$ cat my_file_26.csv   # CSV, C-alpha atoms
chain,number,residue,atom,x,y,z
T,1,MET,CA,0.0,0.0,0.0
T,2,PRO,CA,1.5,3.4,-1.0
T,3,PHE,CA,2.5,5.8,1.7
T,4,MET,CA,-0.3,8.2,0.7
T,5,ASP,CA,-2.9,5.6,1.3
T,6,LEU,CA,-1.3,4.6,4.7
T,7,ILE,CA,-1.2,8.3,5.7
T,8,LYS,CA,-4.9,8.8,4.9
T,9,LYS,CA,-5.8,5.6,6.6
T,10,ALA,CA,-3.9,6.7,9.7
T,11,ILE,CA,-5.8,10.0,9.7
T,12,PHE,CA,-9.4,8.9,9.0
T,13,GLU,CA,-9.6,5.3,10.4
T,14,GLU,CA,-10.1,4.6,14.1
T,15,GLU,CA,-7.4,2.5,15.6
T,16,PRO,CA,-8.8,-0.9,16.8
T,17,LEU,CA,-8.4,-1.9,20.4
T,18,ALA,CA,-5.7,-4.5,20.9
T,19,ALA,CA,-6.8,-7.6,22.8
T,20,PRO,CA,-4.5,-8.3,25.8
T,21,HIS,CA,-4.6,-12.1,25.3
T,22,ALA,CA,-3.7,-11.7,21.6
T,23,THR,CA,-0.6,-9.7,22.6
T,24,GLN,CA,0.5,-12.4,25.0
T,25,GLN,CA,-0.1,-15.2,22.4
T,26,SER,CA,1.9,-13.3,19.8
T,27,ALA,CA,4.7,-12.9,22.2
T,28,LYS,CA,5.0,-16.7,22.8
T,29,PRO,CA,6.4,-17.7,19.4
T,30,ALA,CA,9.1,-15.0,19.7
T,31,SER,CA,10.1,-16.5,23.1
T,32,SER,CA,10.3,-19.9,21.5
T,33,ALA,CA,12.4,-18.6,18.6
T,34,ALA,CA,14.7,-16.9,21.0
T,35,ALA,CA,15.1,-20.2,23.0
T,36,ALA,CA,16.0,-22.0,19.7
T,37,ARG,CA,18.9,-19.7,19.0
T,38,PRO,CA,20.2,-18.3,22.3
T,39,THR,CA,23.4,-17.0,20.7
T,40,ASP,CA,21.7,-14.7,18.2
T,41,PRO,CA,20.9,-11.3,19.8
T,42,ALA,CA,17.2,-10.4,19.4
T,43,PRO,CA,16.8,-7.3,17.2
T,44,ALA,CA,16.0,-4.1,18.9
T,45,TYR,CA,12.7,-2.6,18.0
T,46,VAL,CA,10.0,-0.3,19.4
T,47,SER,CA,6.6,-1.7,20.0
T,48,MET,CA,4.2,-0.1,17.5
T,49,GLY,CA,0.5,0.0,16.9
T,50,THR,CA,-1.3,-1.5,13.9
T,51,ARG,CA,-1.0,1.7,11.9
T,52,ASP,CA,2.7,2.2,12.6
T,53,ASN,CA,3.3,-1.5,11.7
T,54,GLN,CA,1.8,-0.9,8.3
T,55,PHE,CA,4.5,1.8,7.7
T,56,TYR,CA,7.1,-0.6,9.0
T,57,THR,CA,5.9,-3.4,6.8
T,58,ARG,CA,6.3,-1.1,3.7
T,59,LEU,CA,9.7,0.1,4.8
T,60,ALA,CA,10.9,-3.4,5.5
T,61,LYS,CA,9.7,-4.5,2.0
T,62,GLN,CA,11.5,-1.6,0.4
T,63,THR,CA,14.7,-2.3,2.2
T,64,ASP,CA,14.7,-6.1,2.2
T,65,LEU,CA,18.3,-7.5,2.2
T,66,SER,CA,17.4,-9.6,-0.9
T,67,ALA,CA,17.1,-6.3,-2.9
T,68,VAL,CA,20.9,-5.8,-2.7
T,69,PRO,CA,22.9,-8.5,-4.6
T,70,GLU,CA,25.8,-8.3,-2.1
T,71,LEU,CA,23.6,-8.8,0.9
T,72,ALA,CA,21.6,-11.5,-0.8
T,73,LYS,CA,24.8,-13.3,-1.6
T,74,ILE,CA,26.1,-13.2,2.0
T,75,GLU,CA,22.7,-14.4,3.2
T,76,ALA,CA,22.8,-17.2,0.7
T,77,PHE,CA,26.2,-18.4,1.9
T,78,ALA,CA,25.2,-18.0,5.6
T,79,ALA,CA,21.9,-19.8,5.5
T,80,PRO,CA,23.2,-23.3,5.0
T,81,LEU,CA,25.6,-22.8,8.0
T,82,SER,CA,22.8,-21.9,10.5
T,83,SER,CA,22.5,-25.5,11.7
T,84,VAL,CA,26.2,-26.1,11.8
T,85,ILE,CA,27.5,-22.8,13.3
T,86,THR,CA,25.1,-21.4,15.9
T,87,ASP,CA,27.1,-18.3,16.7
T,88,LYS,CA,26.0,-15.6,14.4
T,89,ALA,CA,29.3,-13.8,14.2
T,90,LEU,CA,31.3,-16.9,13.4
T,91,ARG,CA,28.7,-18.1,10.9
T,92,TYR,CA,28.8,-14.8,8.9
T,93,LYS,CA,32.6,-14.7,9.0
T,94,ALA,CA,32.7,-18.2,7.6
T,95,ALA,CA,30.1,-17.3,5.0
T,96,LEU,CA,32.2,-14.2,4.0
T,97,ALA,CA,35.3,-16.3,3.6
T,98,THR,CA,33.5,-18.7,1.3
T,99,ALA,CA,31.9,-15.9,-0.6
T,100,GLN,CA,35.2,-14.2,-1.1
T,101,SER,CA,36.8,-17.3,-2.5
T,102,GLN,CA,33.9,-18.3,-4.7
T,103,GLY,CA,32.3,-15.0,-5.6
T,104,GLY,CA,34.7,-12.3,-4.9
T,105,LEU,CA,32.5,-10.8,-2.2
T,106,THR,CA,34.2,-8.3,0.1
T,107,LYS,CA,33.4,-6.7,3.5
T,108,ASP,CA,33.3,-3.3,1.9
T,109,ALA,CA,30.8,-4.4,-0.7
T,110,ILE,CA,28.6,-5.8,2.1
T,111,LEU,CA,28.8,-2.5,4.1
T,112,LYS,CA,28.1,-0.5,0.9
T,113,GLY,CA,25.0,-2.7,0.5
T,114,PHE,CA,23.7,-1.6,3.9
T,115,ASP,CA,24.5,2.0,2.9
T,116,ALA,CA,22.4,1.5,-0.2
T,117,LEU,CA,19.5,0.3,2.0
T,118,LEU,CA,19.9,3.4,4.2
T,119,ASN,CA,19.7,5.5,1.1
T,120,VAL,CA,16.5,3.8,0.1
T,121,LEU,CA,15.2,4.4,3.6
T,122,ASN,CA,16.1,8.1,3.4
T,123,SER,CA,14.4,8.4,0.0
T,124,SER,CA,11.3,6.8,1.5
T,125,ALA,CA,11.4,9.3,4.4
T,126,ALA,CA,11.7,12.2,1.9
T,127,THR,CA,8.7,10.8,-0.1
T,128,PHE,CA,6.7,10.3,3.1
T,129,ASN,CA,7.4,13.8,4.4
T,130,LYS,CA,6.4,15.3,1.0
T,131,GLN,CA,3.2,13.3,1.0
T,132,THR,CA,2.4,14.2,4.6
T,133,ASP,CA,2.9,17.9,3.7
T,134,GLU,CA,0.4,17.4,0.8
T,135,VAL,CA,-2.1,15.8,3.1
T,136,SER,CA,-1.6,18.5,5.6
T,137,ARG,CA,-2.4,21.1,3.0
T,138,THR,CA,-5.5,19.3,1.7
T,139,GLU,CA,-6.9,17.8,4.9
T,140,VAL,CA,-5.5,19.8,7.8
T,141,ASP,CA,-4.9,23.3,6.5
T,142,ALA,CA,-8.1,23.3,4.5
T,143,LYS,CA,-10.1,22.4,7.6
T,144,ILE,CA,-8.3,25.0,9.6
T,145,ALA,CA,-9.4,27.6,7.0
T,146,GLN,CA,-13.0,26.2,7.1
T,147,ILE,CA,-12.9,26.5,10.9
T,148,GLY,CA,-11.8,30.1,10.5
T,149,ASP,CA,-14.7,30.8,8.1
T,150,ILE,CA,-17.2,29.1,10.5
T,151,ASN,CA,-15.9,31.1,13.5
T,152,GLN,CA,-16.2,34.3,11.4
T,153,ALA,CA,-19.8,33.4,10.5
T,154,ILE,CA,-20.5,32.7,14.2
T,155,GLN,CA,-19.1,36.1,15.2
T,156,GLN,CA,-21.3,37.7,12.5
T,157,LYS,CA,-24.4,35.8,13.8
T,158,GLN,CA,-23.5,36.8,17.3
T,159,LYS,CA,-23.3,40.4,16.2
T,160,GLU,CA,-26.7,40.1,14.5
T,161,ILE,CA,-28.1,38.5,17.7
T,162,THR,CA,-26.7,41.3,19.8
T,163,ASP,CA,-28.2,43.9,17.5
T,164,LEU,CA,-31.6,42.2,17.6
T,165,GLN,CA,-31.4,42.0,21.4
T,166,GLN,CA,-30.7,45.8,21.4
T,167,GLN,CA,-33.7,46.3,19.2
T,168,VAL,CA,-35.9,44.2,21.5
T,169,LYS,CA,-34.7,46.3,24.5
T,170,SER,CA,-35.4,49.5,22.6
T,171,MET,CA,-38.9,48.3,21.6
T,172,GLN,CA,-39.6,47.2,25.1
T,173,SER,CA,-38.7,50.7,26.4
T,174,GLN,CA,-40.9,52.3,23.7
T,175,THR,CA,-43.7,49.9,24.6
T,176,GLU,CA,-43.5,50.9,28.2
T,177,VAL,CA,-43.6,54.6,27.3
T,178,SER,CA,-46.6,54.1,25.0
T,179,ARG,CA,-48.4,52.0,27.6
T,180,SER,CA,-47.8,54.7,30.2
T,181,LYS,CA,-49.0,57.5,27.9
T,182,LEU,CA,-52.0,55.5,26.9
T,183,GLN,CA,-52.9,55.0,30.5
T,184,GLU,CA,-52.4,58.6,31.2
T,185,ALA,CA,-54.7,59.5,28.3
T,186,LYS,CA,-57.4,57.1,29.6
T,187,ASN,CA,-57.1,58.7,33.0
T,188,ASN,CA,-57.4,62.2,31.6
T,189,PHE,CA,-60.4,61.2,29.5
T,190,ALA,CA,-62.1,59.6,32.5
T,191,THR,CA,-61.5,62.8,34.5
T,192,ALA,CA,-62.7,65.0,31.7
T,193,LEU,CA,-65.7,62.8,31.1
T,194,GLU,CA,-66.8,63.0,34.8
T,195,ARG,CA,-66.1,66.7,34.9
T,196,ARG,CA,-68.2,67.4,31.9
T,197,ARG,CA,-71.0,65.0,33.0
T,198,ALA,CA,-71.2,66.9,36.3
T,199,GLU,CA,-71.3,70.2,34.5
T,200,ILE,CA,-74.1,69.1,32.2
T,201,GLN,CA,-76.1,67.6,35.1
T,202,GLN,CA,-75.6,70.9,37.1
T,203,GLN,CA,-76.9,72.9,34.1
T,204,ARG,CA,-79.8,70.6,33.7
T,205,ARG,CA,-80.8,71.1,37.3
T,206,GLU,CA,-80.5,74.9,36.9
T,207,PHE,CA,-82.7,74.9,33.8
T,208,GLU,CA,-85.2,72.7,35.5
T,209,THR,CA,-85.4,75.2,38.3
T,210,ILE,CA,-85.6,78.2,36.1
T,211,LEU,CA,-88.2,76.8,33.8
T,212,GLY,CA,-90.3,75.7,36.8
$ encode --input "my_file_26.csv" --output "structure tokens"
Amino acid sequence: MPFMDLIKKAIFEEEPLAAPHATQQSAKPASSAAAARPTDPAPAYVSMGTRDNQFYTRLAKQTDLSAVPELAKIEAFAAPLSSVITDKALRYKAALATAQSQGGLTKDAILKGFDALLNVLNSSAATFNKQTDEVSRTEVDAKIAQIGDINQAIQQKQKEITDLQQQVKSMQSQTEVSRSKLQEAKNNFATALERRRAEIQQQRREFETILG
């Protein structure tokens, strides 16, 4: 799987939960292998999750020893000796001696083979970094810009809400003033009505008296 696919998978897929018993079971074969060849030091590695292991699998495939003729040759000479010479250092020295006499293989050629693998690894790292930068621009930076736009829209909506709240307060104040003036008008009318009614009634009584 290309690095780009692995990168996107690492970003968008949820990492599965590892079962404790599965980890213990997977560790047992390693213990058995170590017991079978106690003289060979176990390779140093960092425990990685499923996603990281996918990167490691690709890197290991790209830098397999068989990809370099000199390394493939020394492995071919050393493999038949594994059951005869258990010590790794002695086994590879014997393999090199045979390879030198039969195929002209040298220590420098072997070390240059490892340098070639390191160059491949560095090239893979450069490709990975370039692709992660691309993903960052398309997936991360683009979303950051969207977040900025959304926040700006939120601020605009909040301003609109604040303006509407101010309008509500202003209308409430106007409503109270109008209600107060309306009540005052009602009171004034009632007072005027009673006053004029009293005046008319007084005049009626006066005319009633005058007219006998």
$ atom_distance --input "my_file_26.csv" --atom1 "atom CA of T:Asp115" --atom2 "atom CA of T:Thr63"
10.7 Å
$ residues_around --input "my_file_26.csv" --residues "T:Glu75" --least-positions-apart "3" --cutoff "9 Å" --atoms "only C-alpha atoms" --output "ChimeraX atom specification"
/T:65-66,70-72,78-79,92,95
$ atom_distance --input "my_file_26.csv" --atom1 "atom CA of T:Asp133" --atom2 "atom CA of T:Leu59"
19.1 Å
$ atom_distance --input "my_file_26.csv" --atom1 "atom CA of T:Asp108" --atom2 "atom CA of T:Ile74"
12.2 Å
$ residues_around --input "my_file_26.csv" --residues "T:Leu96" --least-positions-apart "4" --cutoff "9 Å" --atoms "all atoms listed in the file" --output "PyMOL selection string"
chain T and resi 74+77-78+91-92+100-101+105-107
